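> File name final.cif; file contents mmCIF, C-alpha atoms; full text below.
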```
data_upload
loop_
_atom_site.label_atom_id
_atom_site.label_comp_id
_atom_site.auth_asym_id
_atom_site.auth_seq_id
_atom_site.Cartn_x
_atom_site.Cartn_y
_atom_site.Cartn_z
CA TYR A 1 -25.69 9.90 -11.41
CA CYS A 2 -27.92 6.82 -11.28
CA SER A 3 -27.09 4.00 -8.88
CA ASP A 4 -25.37 2.01 -11.66
CA GLN A 5 -22.87 4.86 -12.06
CA VAL A 6 -21.90 5.33 -8.39
CA PHE A 7 -19.01 3.16 -7.20
CA ASN A 8 -17.05 2.52 -4.04
CA ALA A 9 -13.58 0.95 -3.85
CA ASP A 10 -12.00 -0.31 -0.66
CA GLU A 11 -9.27 -2.71 0.47
CA CYS A 12 -9.15 -5.36 3.14
CA GLY A 13 -6.44 -7.65 4.44
CA LEU A 14 -6.86 -11.42 4.29
CA PHE A 15 -4.76 -14.09 5.98
CA TRP A 16 -5.40 -16.47 3.16
CA LYS A 17 -4.39 -19.66 4.98
CA LYS A 18 -5.56 -18.88 8.49
CA MET A 19 -8.54 -20.80 9.80
CA PRO A 20 -10.93 -19.59 12.54
CA GLU A 21 -9.42 -19.81 16.02
CA ARG A 22 -11.70 -22.57 17.33
CA THR A 23 -11.12 -24.97 14.46
CA PHE A 24 -8.91 -28.03 14.72
CA LEU A 25 -6.52 -26.69 12.09
CA ALA A 26 -6.00 -23.40 13.93
CA LYS A 27 -5.21 -25.26 17.15
CA HIS A 28 -2.94 -27.70 15.33
CA ASN A 29 -0.97 -24.88 13.70
CA LYS A 30 -0.29 -23.35 17.10
CA SER A 31 0.85 -26.62 18.69
CA ALA A 32 2.76 -28.25 15.84
CA SER A 33 6.47 -28.31 16.55
CA GLY A 34 8.37 -26.12 14.11
CA HIS A 35 5.23 -25.28 12.18
CA LYS A 36 5.02 -21.74 10.86
CA ALA A 37 1.67 -20.15 11.72
CA ALA A 38 -0.50 -19.19 8.78
CA LYS A 39 0.33 -15.49 8.86
CA ASP A 40 0.74 -14.82 5.15
CA ARG A 41 -1.35 -11.76 4.42
CA ILE A 42 -2.64 -10.46 1.13
CA THR A 43 -4.57 -7.30 0.34
CA ILE A 44 -7.76 -7.42 -1.72
CA LEU A 45 -9.28 -4.35 -3.37
CA PHE A 46 -13.01 -4.57 -4.03
CA CYS A 47 -15.17 -2.26 -6.08
CA SER A 48 -18.93 -2.33 -6.64
CA ASN A 49 -21.71 0.03 -7.64
CA ALA A 50 -24.65 1.30 -5.60
CA SER A 51 -27.28 -0.71 -7.47
CA GLY A 52 -25.50 -3.95 -6.58
CA ASP A 53 -25.62 -4.84 -10.26
CA TYR A 54 -21.86 -4.87 -10.74
CA ILE A 55 -18.87 -5.95 -8.67
CA MET A 56 -15.50 -5.73 -10.34
CA LYS A 57 -13.00 -8.52 -10.51
CA PRO A 58 -10.96 -7.82 -7.36
CA LEU A 59 -7.33 -6.80 -7.25
CA VAL A 60 -5.18 -9.11 -5.12
CA ILE A 61 -1.83 -7.84 -3.86
CA ASN A 62 0.69 -10.43 -2.72
CA LYS A 63 4.30 -10.20 -1.51
CA SER A 64 5.52 -12.14 -4.54
CA LYS A 65 4.48 -11.52 -8.13
CA HIS A 66 5.26 -15.13 -9.06
CA PRO A 67 4.56 -17.58 -6.19
CA ARG A 68 5.76 -21.15 -6.59
CA SER A 69 2.23 -22.44 -7.21
CA PHE A 70 1.93 -20.09 -10.22
CA LYS A 71 4.48 -22.01 -12.24
CA GLY A 72 3.20 -22.31 -15.79
CA ILE A 73 0.25 -20.00 -15.05
CA ASN A 74 -0.52 -16.90 -17.10
CA ILE A 75 -1.51 -14.30 -14.48
CA ASN A 76 -3.71 -12.58 -17.06
CA ASN A 77 -5.98 -15.63 -16.97
CA LEU A 78 -6.53 -15.53 -13.20
CA PRO A 79 -10.03 -14.77 -11.85
CA VAL A 80 -8.55 -11.70 -10.13
CA TYR A 81 -6.25 -8.84 -11.03
CA TRP A 82 -2.85 -9.76 -9.60
CA ASN A 83 -0.03 -7.54 -8.39
CA ALA A 84 2.64 -7.49 -5.72
CA ASN A 85 4.95 -5.51 -3.49
CA LYS A 86 7.21 -6.48 -0.58
CA ARG A 87 4.57 -5.88 2.09
CA ALA A 88 1.48 -6.86 0.11
CA TRP A 89 0.05 -3.38 0.62
CA ALA A 90 -2.08 -1.20 -1.65
CA THR A 91 0.43 1.51 -2.51
CA THR A 92 -0.22 4.66 -4.52
CA LYS A 93 1.58 3.13 -7.50
CA LEU A 94 -0.53 -0.02 -7.44
CA PHE A 95 -3.76 1.92 -6.93
CA ASN A 96 -2.94 4.17 -9.90
CA ASP A 97 -2.29 1.11 -12.04
CA TRP A 98 -5.60 -0.44 -10.94
CA PHE A 99 -7.56 2.78 -11.52
CA TYR A 100 -6.34 3.54 -15.04
CA ASN A 101 -5.84 -0.01 -16.36
CA SER A 102 -8.65 -1.92 -14.63
CA PHE A 103 -11.33 0.34 -13.15
CA VAL A 104 -11.68 2.76 -16.07
CA PRO A 105 -11.87 0.18 -18.90
CA ASP A 106 -14.01 -2.29 -16.93
CA VAL A 107 -16.57 0.27 -15.78
CA LYS A 108 -16.70 1.87 -19.23
CA LYS A 109 -17.45 -1.53 -20.78
CA TYR A 110 -20.12 -2.26 -18.14
CA LEU A 111 -21.92 1.07 -18.61
CA ILE A 112 -21.87 0.86 -22.41
CA LYS A 113 -23.40 -2.62 -22.14
CA LYS A 114 -26.11 -1.15 -19.88
CA GLY A 115 -26.78 1.62 -22.40
CA LEU A 116 -25.56 4.29 -19.98
CA PRO A 117 -23.07 7.11 -20.55
CA PHE A 118 -19.57 6.61 -19.19
CA LYS A 119 -19.96 9.07 -16.34
CA VAL A 120 -18.97 7.79 -12.92
CA LEU A 121 -18.85 8.89 -9.29
CA LEU A 122 -16.18 6.99 -7.33
CA LEU A 123 -16.18 7.14 -3.52
CA LEU A 124 -12.86 6.56 -1.72
CA ASP A 125 -11.61 6.86 1.82
CA ASN A 126 -8.42 8.65 2.78
CA ALA A 127 -6.18 5.59 3.02
CA PRO A 128 -2.50 6.39 2.39
CA GLY A 129 -2.49 4.33 -0.80
CA HIS A 130 -5.32 6.34 -2.39
CA PRO A 131 -3.67 9.11 -4.43
CA GLN A 132 -5.30 12.51 -4.10
CA ASP A 133 -4.37 13.49 -7.66
CA LEU A 134 -6.37 10.84 -9.55
CA LYS A 135 -7.97 12.43 -12.59
CA HIS A 136 -10.13 11.22 -15.43
CA GLU A 137 -12.55 13.24 -17.52
CA ASN A 138 -15.35 10.71 -17.04
CA VAL A 139 -14.80 9.97 -13.35
CA GLU A 140 -15.61 12.28 -10.46
CA ILE A 141 -13.74 11.19 -7.33
CA VAL A 142 -15.03 12.07 -3.88
CA PHE A 143 -12.99 11.34 -0.76
CA LEU A 144 -14.98 10.54 2.36
CA PRO A 145 -14.32 12.65 5.48
CA LYS A 146 -11.59 11.35 7.77
CA ASN A 147 -12.57 8.87 10.50
CA THR A 148 -15.92 8.09 8.85
CA THR A 149 -14.97 4.95 6.92
CA SER A 150 -16.73 2.53 9.25
CA LEU A 151 -19.89 4.65 9.11
CA LEU A 152 -20.09 5.84 5.52
CA GLN A 153 -18.16 3.46 3.29
CA PRO A 154 -20.58 0.94 1.71
CA LEU A 155 -18.03 -1.85 1.36
CA ASP A 156 -17.33 -1.63 5.09
CA GLN A 157 -21.03 -2.07 5.91
CA GLY A 158 -20.97 -5.85 5.84
CA ILE A 159 -19.87 -6.59 2.27
CA ILE A 160 -16.24 -7.35 3.15
CA SER A 161 -17.28 -9.41 6.19
CA THR A 162 -19.72 -11.33 3.97
CA PHE A 163 -16.90 -12.05 1.53
CA LYS A 164 -14.64 -13.36 4.31
CA ALA A 165 -17.36 -15.63 5.67
CA LEU A 166 -18.01 -17.07 2.20
CA TYR A 167 -14.26 -17.50 1.64
CA ILE A 168 -13.96 -19.60 4.81
CA LYS A 169 -16.98 -21.64 3.72
CA ASN A 170 -15.30 -22.36 0.39
CA THR A 171 -12.06 -23.41 2.10
CA PHE A 172 -13.95 -25.88 4.29
CA ARG A 173 -15.50 -27.29 1.12
CA TYR A 174 -12.00 -27.59 -0.38
CA ILE A 175 -10.83 -29.66 2.61
CA LEU A 176 -13.83 -31.98 2.33
CA ASP A 177 -13.19 -32.45 -1.39
CA GLN A 178 -9.55 -33.30 -0.65
CA LEU A 179 -10.59 -35.90 1.91
CA GLU A 180 -13.34 -37.46 -0.19
CA ASN A 181 -11.97 -37.28 -3.73
CA ASP A 182 -8.20 -36.76 -3.66
CA GLY A 183 -7.20 -39.32 -1.07
CA SER A 184 -5.76 -37.00 1.58
CA PRO A 185 -5.33 -39.11 4.72
CA SER A 186 -6.11 -36.31 7.17
CA ILE A 187 -7.46 -32.78 7.50
CA VAL A 188 -3.95 -31.49 8.17
CA ASP A 189 -2.58 -33.13 5.01
CA ALA A 190 -5.48 -31.74 2.98
CA TRP A 191 -4.86 -28.21 4.26
CA LYS A 192 -1.12 -28.43 3.55
CA LYS A 193 -1.99 -28.77 -0.14
CA PHE A 194 -3.83 -25.43 -0.16
CA THR A 195 -1.66 -23.03 -2.17
CA THR A 196 -1.67 -19.37 -3.14
CA LEU A 197 -3.19 -20.39 -6.45
CA ASP A 198 -5.98 -22.24 -4.66
CA SER A 199 -6.61 -19.12 -2.58
CA VAL A 200 -6.85 -16.96 -5.70
CA LYS A 201 -9.34 -19.39 -7.24
CA HIS A 202 -11.41 -19.25 -4.04
CA ILE A 203 -11.35 -15.45 -4.05
CA GLY A 204 -12.56 -15.52 -7.65
CA MET A 205 -15.39 -17.90 -6.73
CA THR A 206 -16.31 -16.09 -3.56
CA TYR A 207 -16.78 -12.54 -4.83
CA LEU A 208 -19.16 -13.88 -7.47
CA ASN A 209 -21.20 -15.54 -4.68
CA ILE A 210 -21.99 -12.18 -3.06
CA LYS A 211 -25.64 -11.53 -3.85
CA LYS A 212 -26.83 -8.41 -5.64
CA SER A 213 -29.29 -7.84 -2.80
CA THR A 214 -26.44 -7.86 -0.25
CA LEU A 215 -24.52 -5.23 -2.20
CA HIS A 216 -27.56 -3.03 -2.71
CA ASN A 217 -28.76 -3.26 0.89
CA ARG A 218 -25.36 -2.26 2.25
CA TRP A 219 -25.41 0.85 0.07
CA LYS A 220 -28.87 1.70 1.37
CA ALA A 221 -27.55 1.51 4.92
CA VAL A 222 -25.16 4.46 4.50
#
```
Using C-alpha cells, write down the structure from this file.


Amino acid sequence: YCSDQVFNADECGLFWKKMPERTFLAKHNKSASGHKAAKDRITILFCSNASGDYIMKPLVINKSKHPRSFKGININNLPVYWNANKRAWATTKLFNDWFYNSFVPDVKKYLIKKGLPFKVLLLLDNAPGHPQDLKHENVEIVFLPKNTTSLLQPLDQGIISTFKALYIKNTFRYILDQLENDGSPSIVDAWKKFTTLDSVKHIGMTYLNIKKSTLHNRWKAV
C-alpha cells in the first residue's frame, strides 16, 4: 500500500455549545439562574489517509435525526454525513452504515481520481462500536492492539485536538460576526442564536481547515 491508500478512522466527542472554562460565556452559563449548561454532546467520526492528501467528510452523530434548526433542510446537502441515536454514540449499526455507504464509495472515488487501484488498508481501534466482522474485497481492516490507541492511532496524535481548537476559533468568529453584522446586543444573546445547524456548518468548515502537513506529520509520529 502507498500512503494514499492507508486510512485511519476514529471518533471523538464534542460538546458543540460549550465554551472554554475561562471564557465569559462559560462562567455566565454556570451562574445564570435556570440556565441549562451546554452539555449537549455529539460524536464525530473522522477518517484520513497517511499522505495527508485526503480527509473524508466527517460523520456527525446527534441524539435527534431532525433537530429544530434543520427545518426545511435536506440532510443530504449538509457538509457532513448526519445520523443519530438516543445517546449520540457511534454504534455498530451506524459504523456499518458509514463504512459501506460512505467510506467505500468516497475512498474508491478518491483513488480512481488519483489514478490508483481501489485497494485500501483501514486502521481501527477496538472501540465497542467498531464491528469485528467488517468485510470488503478491496479493504483490508487491521485492528490496533488494545490499550494502544493514544500511542498508535494517527488521529489521536494531535489531529482531533487540532480540529477542536479550530472549531472553537470558528465559534469565536461567529460571535464577533453576530455582534458586528447581525445586531446582537450582547455576547450572550449572540451565543444563544448558535444552533445545531450552525455547529454542523462550523464542523464542515473546520475539518477543511486542517492542513495536509498536519495530517501527514501526525502519521509520521506513530

> What's the separation between atom CA of Ala9 of chain A and atom CA of Asp125 of chain A, in Å to one decimal place?

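For atom CA of Ala9 of chain A relative to atom CA of Asp125 of chain A, the distance reads 8.4 Å.
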
> With the PyMOL selection byres ((chain A and resi 56-72) around 9) as the selection, what would be picked from this file? Answer as a PyMOL selection string, please.

chain A and resi 11+40-49+54-55+73-75+79-90+94+98+102-103+106-107+195-198+200+203-204+207-208

> Near Cys2 of chain A, within 10 Å and counting all atoms listed in the file, which residues show up once chain neighbours fewer than 6 positions away are dropped, as a list in words?

Asn49, Ala50, Ser51, Leu116, Lys119, Val120 and Leu121 of chain A

> Output the residue selection produced by the PyMOL selection byres ((chain A and resi 166-173) around 12) on the file above, formatted as a ChimeraX atom specification.

/A:14-20,23-25,159-165,174-181,187,190-191,193-195,198-211

> Distance atom CA of Lys146 of chain A-atom CA of Asn126 of chain A, one decimal place?

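Rounded to one decimal, the two atoms are 6.5 Å apart.
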
> Expressed in Å to a single decimal, how great is the separation between atom CA of Leu155 of chain A and atom CA of Pro105 of chain A?

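Separation of atom CA of Leu155 of chain A and atom CA of Pro105 of chain A: 21.3 Å.
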
> Just want the 9 Å neighbourhood of Gln153 of chain A, counted on only C-alpha atoms, with same-chain residues fewer than 5 positions away dropped. Output as a PyMOL selection string.

chain A and resi 8-10+123-125+144+148+219+222

> Out of A:Phe95, A:Asn77, A:Leu111, A:Ser186, which residue has the shortest atom-to-atom distance to Val6 of chain A when counting all atoms listed in the file?

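Smallest separation from Val6 of chain A among the options: A:Leu111.
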
> Would you pick out the contacts of Leu134 of chain A at 12 Å or less, using all atoms listed in the file, so that residues sharing its chain but fewer than 2 positions from it are not included, and give the list as JSON, numbers by chain?

{"A": [92, 93, 95, 96, 97, 98, 99, 100, 104, 122, 124, 129, 130, 131, 132, 136, 137, 138, 139, 140, 141, 142, 143]}

> Starting from the sparse input, extend segment 131-147 of chain A to N, CA, C and O atoms and give the output as an mmCIF file, in the coordinates of the input.


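Result file part01.cif:
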```
data_model
loop_
_atom_site.group_PDB
_atom_site.id
_atom_site.type_symbol
_atom_site.label_atom_id
_atom_site.label_comp_id
_atom_site.auth_asym_id
_atom_site.auth_seq_id
_atom_site.Cartn_x
_atom_site.Cartn_y
_atom_site.Cartn_z
ATOM 1 N N PRO A 131 -4.255 7.837 -4.009
ATOM 2 C CA PRO A 131 -3.670 9.110 -4.430
ATOM 3 C C PRO A 131 -4.720 10.210 -4.566
ATOM 4 O O PRO A 131 -5.811 9.988 -5.105
ATOM 5 N N GLN A 132 -4.380 11.376 -4.071
ATOM 6 C CA GLN A 132 -5.300 12.510 -4.100
ATOM 7 C C GLN A 132 -5.368 13.171 -5.477
ATOM 8 O O GLN A 132 -6.227 14.018 -5.718
ATOM 9 N N ASP A 133 -4.450 12.817 -6.361
ATOM 10 C CA ASP A 133 -4.370 13.490 -7.660
ATOM 11 C C ASP A 133 -4.929 12.643 -8.805
ATOM 12 O O ASP A 133 -4.631 12.901 -9.974
ATOM 13 N N LEU A 134 -5.738 11.632 -8.492
ATOM 14 C CA LEU A 134 -6.370 10.840 -9.550
ATOM 15 C C LEU A 134 -7.260 11.734 -10.400
ATOM 16 O O LEU A 134 -8.069 12.496 -9.873
ATOM 17 N N LYS A 135 -7.139 11.612 -11.704
ATOM 18 C CA LYS A 135 -7.970 12.430 -12.590
ATOM 19 C C LYS A 135 -8.377 11.634 -13.817
ATOM 20 O O LYS A 135 -7.578 10.898 -14.398
ATOM 21 N N HIS A 136 -9.640 11.768 -14.171
ATOM 22 C CA HIS A 136 -10.130 11.220 -15.430
ATOM 23 C C HIS A 136 -11.370 12.016 -15.817
ATOM 24 O O HIS A 136 -12.214 12.311 -14.975
ATOM 25 N N GLU A 137 -11.473 12.353 -17.081
ATOM 26 C CA GLU A 137 -12.550 13.240 -17.520
ATOM 27 C C GLU A 137 -13.942 12.659 -17.326
ATOM 28 O O GLU A 137 -14.929 13.402 -17.243
ATOM 29 N N ASN A 138 -14.047 11.336 -17.197
ATOM 30 C CA ASN A 138 -15.350 10.710 -17.040
ATOM 31 C C ASN A 138 -15.622 10.226 -15.615
ATOM 32 O O ASN A 138 -16.666 9.620 -15.354
ATOM 33 N N VAL A 139 -14.674 10.472 -14.724
ATOM 34 C CA VAL A 139 -14.800 9.970 -13.350
ATOM 35 C C VAL A 139 -14.655 11.118 -12.362
ATOM 36 O O VAL A 139 -13.627 11.795 -12.329
ATOM 37 N N GLU A 140 -15.699 11.332 -11.570
ATOM 38 C CA GLU A 140 -15.610 12.280 -10.460
ATOM 39 C C GLU A 140 -15.261 11.498 -9.203
ATOM 40 O O GLU A 140 -15.944 10.534 -8.847
ATOM 41 N N ILE A 141 -14.205 11.909 -8.518
ATOM 42 C CA ILE A 141 -13.740 11.190 -7.330
ATOM 43 C C ILE A 141 -14.030 12.017 -6.095
ATOM 44 O O ILE A 141 -13.669 13.191 -6.015
ATOM 45 N N VAL A 142 -14.694 11.404 -5.143
ATOM 46 C CA VAL A 142 -15.030 12.070 -3.880
ATOM 47 C C VAL A 142 -14.396 11.284 -2.739
ATOM 48 O O VAL A 142 -14.614 10.072 -2.612
ATOM 49 N N PHE A 143 -13.614 11.964 -1.918
ATOM 50 C CA PHE A 143 -12.990 11.340 -0.760
ATOM 51 C C PHE A 143 -13.884 11.544 0.461
ATOM 52 O O PHE A 143 -14.316 12.661 0.741
ATOM 53 N N LEU A 144 -14.149 10.462 1.170
ATOM 54 C CA LEU A 144 -14.980 10.540 2.360
ATOM 55 C C LEU A 144 -14.237 11.295 3.477
ATOM 56 O O LEU A 144 -13.008 11.278 3.528
ATOM 57 N N PRO A 145 -14.969 11.956 4.365
ATOM 58 C CA PRO A 145 -14.320 12.650 5.480
ATOM 59 C C PRO A 145 -13.505 11.684 6.326
ATOM 60 O O PRO A 145 -13.824 10.498 6.434
ATOM 61 N N LYS A 146 -12.445 12.192 6.929
ATOM 62 C CA LYS A 146 -11.590 11.350 7.770
ATOM 63 C C LYS A 146 -12.380 10.774 8.943
ATOM 64 O O LYS A 146 -13.304 11.389 9.462
ATOM 65 N N ASN A 147 -11.991 9.569 9.330
ATOM 66 C CA ASN A 147 -12.570 8.870 10.500
ATOM 67 C C ASN A 147 -14.057 8.536 10.327
ATOM 68 O O ASN A 147 -14.777 8.370 11.312
#
```
